[in-house]
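Visitor: The structure follows.
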Amino acid sequence: MGQPTATGRTTDELRFVHLGFGADAVEYTQAWQEQRTVHAARFADEIPDTCLLLEHPAVYTAGRRTEDDERPLDGTPVVDVDRGGKITWHGPGQLVGYPILKLPRPVDVVAHVRRMEEALIRACAELGLETSRVEGRSGVWVLGDAVAGTAGDAAGDAVPGSAGPGGEGLALDLAPQLTPEARAASEEYDPRLRGPEYAPSNAGQRGEDRKLAAIGVRVAKGVTMHGFALNCCPDNTWFDRIVPCGIRDAGVTSLSNELGRNVPVAEVIPLVEKHLREVLGSAEPLPRAV
């Protein structure tokens with residue numbers, strides 16, 4: 001498959017291939033080409049279902065639905081890709097997975113996304129973090145406060161990655177002028193223009209929902225490409241230069257932020273493999289219709 005430096009492990013259900021981590025992180029376009037190679041081999045039944053696991057050097061990638069006003073304000077280059085979804089960031093401290101699988105028939109892309117979410121939710125639970133889905137939004141989320149930012153609330157301090165008073169952190173105005181609904185509907189609203197306290201990386205301090213793992217996929221000839229990006233211990237301020245996933249009324253977080261300790265990618269890999277194997281392996285592909 002043209003990957004002499006990769007290390008692979010095969011099971012009956014799903015094969016995992018480690019393309020590179022840390023100092024061996026794989027440049028995005030190189031990994032994208034590797035996906036195409038593996039995709040073709042999987043479609044031809046030359047290989048079993050395969051999940052590529054890796055880290056990328058810092059890069060912004062934009063799915064097909066990305067709007068111009070969601071890209072970096074300073075003109076930082078963005079790689080436009082053929083997956084669904086919008087713009088996101090990949091980089092050090094983030095576990096990226098590209099499951100290249102033959103889907104069960106009839107093909108159900110949403111079900112594939114839900115299975116990836118379920119595997120990641122289970123992996124996070126094993127680390128001690130409760131995560132969830134948000135209706136209408138793909139990915140894995142840490143839910144914000146049930147009630148946050150009503151008029152008259154006092155500004156409070158919060159530790160990074162958490163909500164509510166106590167500890168050190170930014171003193172925030174929890175009653176912004178626009179409601180989340182108005183923010184989402186307003187073409188003029190851009191959190192990046194309101195100062196760092198309103199940046200996506202500080203959503204936890206504001207008690208907002210925050211995305212822990214992003215998911216974007218493409219299905220061609222019944223075989224999947226692209227996949228998920230799980231934030232383990234990245235510098236989340238990279239997300240502050242874009243509108244992550246096109247969402248303006250929520251933010252981003254990481255396992256390290258939420259658990260209050262460093263959670264390196266190496267610690268997370270075996271858990272993600274375990275739960276991907278359990279969840280994805282339960283979906284049996286049927287013969288391709290002629």
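The chains in the structure tokens are called A, B, ... from first to last as shown; in each chain the residues are counted from 1, and the ligands are counted from 1 in the order shown.
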Skip Leu280 in chain A itself and residues of its chain fewer than 4 positions away, then list as a compact mmCIF listing (two decimals) with C-alpha atoms, in the first residue's frame all residues within 10 Å of it, counting only C-alpha atoms.

Guide:
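Result file is around_37.txt:
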# COMPACT_ATOMS: atom_id res chain seq x y z
CA GLU A 13 -12.98 -6.85 12.11
CA LEU A 14 -10.73 -3.87 11.56
CA ASP A 49 -11.47 -2.50 6.60
CA PRO A 99 -11.63 4.71 9.01
CA LEU A 101 -14.59 0.86 5.53
CA LEU A 103 -20.44 0.35 4.69
CA HIS A 112 -21.59 5.67 10.06
CA ARG A 115 -21.02 4.83 15.11
CA MET A 116 -17.83 6.89 15.16
CA GLU A 118 -20.39 6.28 19.87
CA ALA A 119 -16.88 4.81 19.83
CA HIS A 275 -14.00 1.04 21.02
CA LEU A 276 -13.77 1.56 17.25
CA GLU A 284 -21.58 -5.97 8.57

Visitor: Show me, as a PyMOL selection string, the residues that have an atom within 7 Å of range 214-216 of chain A when counting only C-alpha atoms, minus same-chain residues fewer than 4 positions from it.

Guide: chain A and resi 83-85+138-140+226-230

Visitor: Nearest to Gly63 in chain A: which of A:Glu46, A:Asp82, A:Glu130, A:Glu135 is it, counting only C-alpha atoms?

Guide: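 Using only C-alpha atoms, the shortest distance to Gly63 in chain A belongs to A:Asp82.
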
Visitor: From the set A:Ser254, A:Thr224, A:Thr131, A:Gln35, which residue has the shortest atom-to-atom contact distance to Leu143 in chain A, counting only C-alpha atoms?

Guide: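 Checking each of A:Ser254, A:Thr224, A:Thr131, A:Gln35 against Leu143 in chain A, counting only C-alpha atoms, the winner is A:Thr131.
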
Visitor: Applying 7 Å and only C-alpha atoms, which residues near Gly93 in chain A remain after dropping the ones on its own chain fewer than 4 positions away? List them as JSON, numbers by chain.

Guide: {"A": [231, 232, 233, 234, 264, 265]}

Visitor: Filtering to N, CA and C atoms, could you give me those residues as an mmCIF file, in the first residue's frame?

Guide:
data_model
loop_
_atom_site.group_PDB
_atom_site.id
_atom_site.type_symbol
_atom_site.label_atom_id
_atom_site.label_comp_id
_atom_site.auth_asym_id
_atom_site.auth_seq_id
_atom_site.Cartn_x
_atom_site.Cartn_y
_atom_site.Cartn_z
ATOM 1 N N ASN A 231 -9.513 15.898 20.154
ATOM 2 C CA ASN A 231 -8.570 16.798 20.809
ATOM 3 C C ASN A 231 -8.109 16.195 22.133
ATOM 4 N N CYS A 232 -6.846 15.792 22.179
ATOM 5 C CA CYS A 232 -6.269 15.214 23.393
ATOM 6 C C CYS A 232 -5.566 16.297 24.216
ATOM 7 N N CYS A 233 -4.503 16.869 23.653
ATOM 8 C CA CYS A 233 -3.748 17.902 24.376
ATOM 9 C C CYS A 233 -3.237 18.971 23.408
ATOM 10 N N PRO A 234 -4.078 19.458 22.491
ATOM 11 C CA PRO A 234 -3.596 20.455 21.533
ATOM 12 C C PRO A 234 -3.602 21.850 22.125
ATOM 13 N N PRO A 264 -2.016 12.770 26.823
ATOM 14 C CA PRO A 264 -1.327 12.705 25.537
ATOM 15 C C PRO A 264 -2.025 11.776 24.557
ATOM 16 N N VAL A 265 -1.730 11.970 23.294
ATOM 17 C CA VAL A 265 -2.311 11.138 22.247
ATOM 18 C C VAL A 265 -2.006 9.665 22.491
#

Visitor: Have a look at CA of Glu278 in chain A and CA of Arg133 in chain A and let me know their distance in Å, one decimal.

Guide: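 Atom-to-atom, CA of Glu278 in chain A and CA of Arg133 in chain A are spaced 19.1 Å apart.
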
Visitor: Residues at most 10 Å from Lys221 in chain A, counting only C-alpha atoms, excluding those fewer than 5 positions away in the same chain, as a ChimeraX atom specification?

Guide: /A:39-40,43,102-103,107,288

Visitor: Between A:Ala199, A:Leu54, A:Ile121, A:Ala220, single out the one closest to Ile242 in chain A, counting only C-alpha atoms.

Guide: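 Checking each candidate against Ile242 in chain A, we get A:Ala199 as the closest.
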
Visitor: Write out as a list in words each polymer residue whose atoms come within 12 Å of Gly75 in chain A, counting only C-alpha atoms; drop sequence neighbours fewer than 3 positions from it.

Guide: Tyr60, Asp68, Asp69, Glu70, Arg71, Pro72, Val78, Arg241 and Ile242 of chain A

Visitor: For a test of reading the model, state the distance in Å between CA of Ala31 in chain A and CA of Arg15 in chain A, rounded to one decimal.

Guide: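 Interatomic distance here is 16.8 Å.
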
Visitor: Residues near Ile47 in chain A, anyone? I mean within 9 Å using only C-alpha atoms, not counting same-chain ones fewer than 5 positions away, as a list in words.

Guide: Val38, Ala41 and Arg42 of chain A

Visitor: The selected residues should be written to file as a PDB file, in the first residue's frame (atoms: C-alpha atoms).

Guide:
ATOM      1  CA  VAL A  38      -6.214   2.567   0.812  1.00  0.00           C
ATOM      2  CA  ALA A  41      -7.571  -1.189  -2.286  1.00  0.00           C
ATOM      3  CA  ARG A  42     -10.533  -1.589   0.057  1.00  0.00           C
TER       4      ARG A  42
END

Visitor: Counting only C-alpha atoms, which residue out of A:Val142, A:Val26, A:Cys245, A:Ala213 sits closest to Arg64 in chain A?

Guide: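 Going through A:Val142, A:Val26, A:Cys245, A:Ala213 one by one, the smallest distance to Arg64 in chain A is for A:Cys245.
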
Visitor: So, counting only C-alpha atoms, which residue among A:Trp89, A:Glu117, A:Arg218, A:Glu55 is closest to Asp240 in chain A?

Guide: A:Trp89

Visitor: Can you tell me how far CA of Asp235 in chain A sits from CA of Ser201 in chain A, in Å to one decimal?

Guide: 8.8 Å
